[in-house]
Amino acid sequence: MSECTHNCESCGSDCGERKAPQSLVEPANEMSNIKKVIAVVSGKGGVGKSLVTSLLAVNASREGYKTAILDADITGPSIPRVFGVHERAMSSDLGIIPAKSKNGIEIMSINLLLASETDPVVWRGPVIAGAVKQFWSDVYWGDVDYMFVDMPPGTGDVPLTVFQSLPVDGIIIVTSPQELVSMIVEKAVNMAELMKVPVLGIVENMSYYECPSCKDKHYIFGESHIEEIAKKYGIERIARIPINPELAEKCDNGNIEQVEGDWLESVSDAIY
């Protein structure tokens, strides 16, 4: 038997190392040290996934953790606007330098690389997936305690790329109260199980509206089903975000770091 060169591509031997499953995880930028990666997912668009990603990052930053957001929603990026970040990302010998929010949260999004924020990204799936990999491997993140990945909706190319290429430690699922969404949430839970990534919690956005005068809660989009889903899959942490005009206004104006609210406290506790 010839001596092993550890190059399986040119080797004809059928050894144990060749048979062993090969990891698809991409190496991060060599000058980066990212300790935990949390993906924020949803089964459909428009449920507030980017909002939850941003609030989780703000909470972690307030706890004193070095925090970053990788915006993997390439065709629908909204993270920069929520944080009021509009300058373009720069590059150096170390790699692409992420932008920073007012309070120091590092952000990488396709909108920071486009000539105009309103330019459409008309790319096919493999190109989009490649861009997400580059955000992980070509960006100089430095030392990061918690990176939150804002995923595109659904269970297609890009979510699969993230789960396979990044060392995801857990996911947070975002939903809304409509009964139809329950089925879509279960698809996201089942995908996480298939990829062997733990579900850390479920967040129901637009859960209710609280009257500012009488403090009664009104369930505009119907009664919640979040407990049923959580119980079915053994998910202990759930959270609800109300319909809140002030919250929406701060997001639209790029001031999400000014938001005060303990809605995600339970889910945040499951992360760190």
# chains A, B, ... in the order shown; residues from 1 in each chain; ligands from 1
call {"tool": "select_by_dssp", "arguments": {"residues": "stretch 149-262 of chain A", "states": "helix (DSSP H, G or I)", "output": "VMD selection string"}}
result
chain A and resid 157 to 165 179 to 194 226 to 232 245 to 252 256 to 258
call {"tool": "residues_around", "arguments": {"residues": "A:Glu260", "least_positions_apart": "4", "cutoff": "12 Å", "atoms": "only C-alpha atoms", "output": "VMD selection string"}}
result
chain A and resid 55 58 to 59 62 244 246 to 247 250 255 to 256 264 to 265
call {"tool": "write_last_selection", "arguments": {"atoms": "all heavy atoms", "output": "tab-separated table (two decimals), in the first residue's frame"}}
result
chain	number	residue	atom	x	y	z
A	55	LEU	N	-33.46	42.86	17.32
A	55	LEU	CA	-33.71	43.00	18.75
A	55	LEU	C	-32.84	42.04	19.57
A	55	LEU	O	-32.34	42.40	20.64
A	55	LEU	CB	-35.19	42.74	19.05
A	55	LEU	CG	-36.17	43.82	18.59
A	55	LEU	CD1	-37.61	43.37	18.85
A	55	LEU	CD2	-35.91	45.14	19.29
A	58	VAL	N	-29.42	43.57	19.66
A	58	VAL	CA	-29.40	44.72	20.57
A	58	VAL	C	-29.36	44.25	22.02
A	58	VAL	O	-28.60	44.77	22.85
A	58	VAL	CB	-30.63	45.62	20.32
A	58	VAL	CG1	-30.76	46.67	21.43
A	58	VAL	CG2	-30.51	46.31	18.96
A	59	ASN	N	-30.17	43.23	22.34
A	59	ASN	CA	-30.17	42.70	23.71
A	59	ASN	C	-28.81	42.15	24.10
A	59	ASN	O	-28.31	42.38	25.21
A	59	ASN	CB	-31.23	41.59	23.84
A	59	ASN	CG	-32.65	42.13	23.88
A	59	ASN	OD1	-32.85	43.34	23.96
A	59	ASN	ND2	-33.61	41.24	23.83
A	62	ARG	N	-26.36	44.93	24.72
A	62	ARG	CA	-26.60	45.59	26.01
A	62	ARG	C	-26.08	44.76	27.18
A	62	ARG	O	-25.77	45.31	28.24
A	62	ARG	CB	-28.09	45.86	26.18
A	62	ARG	CG	-28.61	46.98	25.31
A	62	ARG	CD	-30.12	47.12	25.39
A	62	ARG	NE	-30.61	48.23	24.59
A	62	ARG	CZ	-31.88	48.46	24.31
A	62	ARG	NH1	-32.82	47.62	24.78
A	62	ARG	NH2	-32.24	49.49	23.57
A	244	ASN	N	-46.83	47.28	17.85
A	244	ASN	CA	-46.39	48.45	18.59
A	244	ASN	C	-45.98	49.55	17.60
A	244	ASN	O	-44.93	49.45	16.97
A	244	ASN	CB	-45.21	48.07	19.51
A	244	ASN	CG	-44.82	49.20	20.44
A	244	ASN	OD1	-44.72	50.34	20.03
A	244	ASN	ND2	-44.58	48.86	21.70
A	246	GLU	N	-44.75	52.47	18.01
A	246	GLU	CA	-43.47	53.09	18.35
A	246	GLU	C	-42.31	52.23	17.88
A	246	GLU	O	-41.30	52.73	17.36
A	246	GLU	CB	-43.37	53.33	19.86
A	246	GLU	CG	-42.09	54.03	20.26
A	246	GLU	CD	-41.98	54.22	21.77
A	246	GLU	OE1	-42.96	53.89	22.48
A	246	GLU	OE2	-40.92	54.68	22.23
A	247	LEU	N	-42.44	50.91	18.04
A	247	LEU	CA	-41.41	49.98	17.58
A	247	LEU	C	-41.25	50.08	16.06
A	247	LEU	O	-40.12	50.13	15.54
A	247	LEU	CB	-41.78	48.56	17.99
A	247	LEU	CG	-40.87	47.42	17.52
A	247	LEU	CD1	-39.44	47.63	17.97
A	247	LEU	CD2	-41.40	46.09	18.05
A	250	LYS	N	-39.43	53.35	15.10
A	250	LYS	CA	-37.99	53.33	15.36
A	250	LYS	C	-37.25	52.48	14.32
A	250	LYS	O	-36.13	52.80	13.92
A	250	LYS	CB	-37.70	52.83	16.77
A	250	LYS	CG	-37.94	53.91	17.85
A	250	LYS	CD	-37.55	53.44	19.21
A	250	LYS	CE	-37.43	54.60	20.21
A	250	LYS	NZ	-38.62	55.44	20.29
A	255	ASN	N	-33.55	53.51	14.19
A	255	ASN	CA	-33.24	53.71	15.61
A	255	ASN	C	-33.61	52.51	16.48
A	255	ASN	O	-34.06	52.67	17.61
A	255	ASN	CB	-33.97	54.96	16.13
A	255	ASN	CG	-33.47	56.23	15.49
A	255	ASN	OD1	-32.27	56.40	15.29
A	255	ASN	ND2	-34.38	57.12	15.13
A	256	ILE	N	-33.41	51.32	15.96
A	256	ILE	CA	-33.83	50.14	16.72
A	256	ILE	C	-33.06	50.01	18.03
A	256	ILE	O	-33.56	49.42	19.00
A	256	ILE	CB	-33.68	48.86	15.89
A	256	ILE	CG1	-34.39	47.70	16.61
A	256	ILE	CG2	-32.22	48.53	15.63
A	256	ILE	CD1	-34.99	46.69	15.76
A	264	LEU	N	-38.33	39.76	24.43
A	264	LEU	CA	-37.50	38.63	24.02
A	264	LEU	C	-36.60	38.12	25.14
A	264	LEU	O	-35.68	37.34	24.89
A	264	LEU	CB	-36.64	39.03	22.81
A	264	LEU	CG	-37.40	39.41	21.54
A	264	LEU	CD1	-36.43	39.77	20.43
A	264	LEU	CD2	-38.31	38.29	21.10
A	265	GLU	N	-36.88	38.51	26.35
A	265	GLU	CA	-36.00	38.14	27.47
A	265	GLU	C	-35.87	36.62	27.62
A	265	GLU	O	-34.78	36.09	27.80
A	265	GLU	CB	-36.53	38.75	28.77
A	265	GLU	CG	-35.63	38.49	29.97
A	265	GLU	CD	-36.13	39.20	31.22
A	265	GLU	OE1	-37.04	40.04	31.10
A	265	GLU	OE2	-35.59	38.91	32.31
call {"tool": "atom_distance", "arguments": {"atom1": "atom CA of A:Phe148", "atom2": "atom CA of A:Ile69"}}
result
4.8 Å
call {"tool": "select_by_dssp", "arguments": {"residues": "stretch 209-252 of chain A", "states": "strand (DSSP E)", "output": "number ranges by chain"}}
result
A: 209-210, 217-218, 238-240
call {"tool": "atom_distance", "arguments": {"atom1": "atom CA of A:Ile241", "atom2": "atom CA of A:Val132"}}
result
28.2 Å
call {"tool": "closest_residue", "arguments": {"among": "A:Trp141, A:Trp123, A:Tyr272, A:Phe135", "to": "A:Tyr65", "atoms": "only C-alpha atoms"}}
result
A:Tyr272
call {"tool": "decode", "arguments": {"residues": "stretch 37-71 of chain A", "atoms": "N, CA and C atoms", "output": "tab-separated table (two decimals), in the first residue's frame"}}
result
chain	number	residue	atom	x	y	z
A	37	VAL	N	-22.95	31.10	16.78
A	37	VAL	CA	-23.72	31.54	15.61
A	37	VAL	C	-25.18	31.12	15.81
A	38	ILE	N	-26.06	32.10	15.80
A	38	ILE	CA	-27.50	31.86	15.99
A	38	ILE	C	-28.23	32.31	14.74
A	39	ALA	N	-28.96	31.38	14.11
A	39	ALA	CA	-29.72	31.70	12.90
A	39	ALA	C	-31.16	32.02	13.27
A	40	VAL	N	-31.69	33.07	12.68
A	40	VAL	CA	-33.09	33.46	12.90
A	40	VAL	C	-33.86	33.15	11.62
A	41	VAL	N	-34.82	32.25	11.71
A	41	VAL	CA	-35.48	31.73	10.51
A	41	VAL	C	-37.00	31.93	10.58
A	42	SER	N	-37.62	31.84	9.42
A	42	SER	CA	-39.08	31.86	9.33
A	42	SER	C	-39.48	31.03	8.13
A	43	GLY	N	-40.66	30.45	8.21
A	43	GLY	CA	-41.14	29.64	7.10
A	43	GLY	C	-41.68	30.45	5.95
A	44	LYS	N	-42.01	31.73	6.21
A	44	LYS	CA	-42.54	32.60	5.17
A	44	LYS	C	-42.07	34.02	5.43
A	45	GLY	N	-42.20	34.87	4.43
A	45	GLY	CA	-41.78	36.25	4.57
A	45	GLY	C	-42.81	37.11	5.28
A	46	GLY	N	-42.37	38.27	5.75
A	46	GLY	CA	-43.28	39.25	6.31
A	46	GLY	C	-43.73	39.02	7.73
A	47	VAL	N	-43.04	38.13	8.47
A	47	VAL	CA	-43.46	37.87	9.84
A	47	VAL	C	-42.59	38.60	10.87
A	48	GLY	N	-41.54	39.29	10.41
A	48	GLY	CA	-40.73	40.07	11.34
A	48	GLY	C	-39.41	39.43	11.72
A	49	LYS	N	-38.88	38.63	10.83
A	49	LYS	CA	-37.62	37.93	11.10
A	49	LYS	C	-36.45	38.90	11.32
A	50	SER	N	-36.37	39.92	10.45
A	50	SER	CA	-35.29	40.90	10.59
A	50	SER	C	-35.45	41.72	11.87
A	51	LEU	N	-36.69	42.01	12.24
A	51	LEU	CA	-36.94	42.71	13.50
A	51	LEU	C	-36.43	41.90	14.68
A	52	VAL	N	-36.76	40.61	14.71
A	52	VAL	CA	-36.33	39.76	15.82
A	52	VAL	C	-34.81	39.62	15.84
A	53	THR	N	-34.21	39.45	14.65
A	53	THR	CA	-32.75	39.38	14.57
A	53	THR	C	-32.12	40.62	15.19
A	54	SER	N	-32.65	41.77	14.82
A	54	SER	CA	-32.10	43.04	15.30
A	54	SER	C	-32.27	43.19	16.80
A	55	LEU	N	-33.46	42.86	17.32
A	55	LEU	CA	-33.71	43.00	18.75
A	55	LEU	C	-32.84	42.04	19.57
A	56	LEU	N	-32.64	40.82	19.07
A	56	LEU	CA	-31.77	39.87	19.77
A	56	LEU	C	-30.34	40.39	19.81
A	57	ALA	N	-29.88	40.97	18.71
A	57	ALA	CA	-28.53	41.52	18.68
A	57	ALA	C	-28.40	42.72	19.63
A	58	VAL	N	-29.42	43.57	19.66
A	58	VAL	CA	-29.40	44.72	20.57
A	58	VAL	C	-29.36	44.25	22.02
A	59	ASN	N	-30.17	43.23	22.34
A	59	ASN	CA	-30.17	42.70	23.71
A	59	ASN	C	-28.81	42.15	24.10
A	60	ALA	N	-28.18	41.39	23.19
A	60	ALA	CA	-26.87	40.81	23.48
A	60	ALA	C	-25.82	41.90	23.66
A	61	SER	N	-25.90	42.93	22.83
A	61	SER	CA	-24.96	44.05	22.94
A	61	SER	C	-25.12	44.76	24.28
A	62	ARG	N	-26.36	44.93	24.72
A	62	ARG	CA	-26.60	45.59	26.01
A	62	ARG	C	-26.08	44.76	27.18
A	63	GLU	N	-26.01	43.45	26.99
A	63	GLU	CA	-25.46	42.57	28.03
A	63	GLU	C	-23.94	42.60	28.06
A	64	GLY	N	-23.34	43.34	27.14
A	64	GLY	CA	-21.89	43.47	27.12
A	64	GLY	C	-21.18	42.52	26.18
A	65	TYR	N	-21.93	41.79	25.36
A	65	TYR	CA	-21.31	40.85	24.43
A	65	TYR	C	-20.95	41.56	23.12
A	66	LYS	N	-19.83	41.15	22.54
A	66	LYS	CA	-19.46	41.63	21.20
A	66	LYS	C	-20.39	40.94	20.21
A	67	THR	N	-21.15	41.73	19.48
A	67	THR	CA	-22.26	41.19	18.70
A	67	THR	C	-22.14	41.57	17.23
A	68	ALA	N	-22.60	40.66	16.36
A	68	ALA	CA	-22.57	40.91	14.92
A	68	ALA	C	-23.83	40.36	14.27
A	69	ILE	N	-24.17	40.90	13.11
A	69	ILE	CA	-25.29	40.40	12.31
A	69	ILE	C	-24.80	40.13	10.90
A	70	LEU	N	-25.01	38.91	10.43
A	70	LEU	CA	-24.76	38.56	9.04
A	70	LEU	C	-26.12	38.50	8.35
A	71	ASP	N	-26.35	39.41	7.44
A	71	ASP	CA	-27.64	39.51	6.75
A	71	ASP	C	-27.61	38.56	5.54
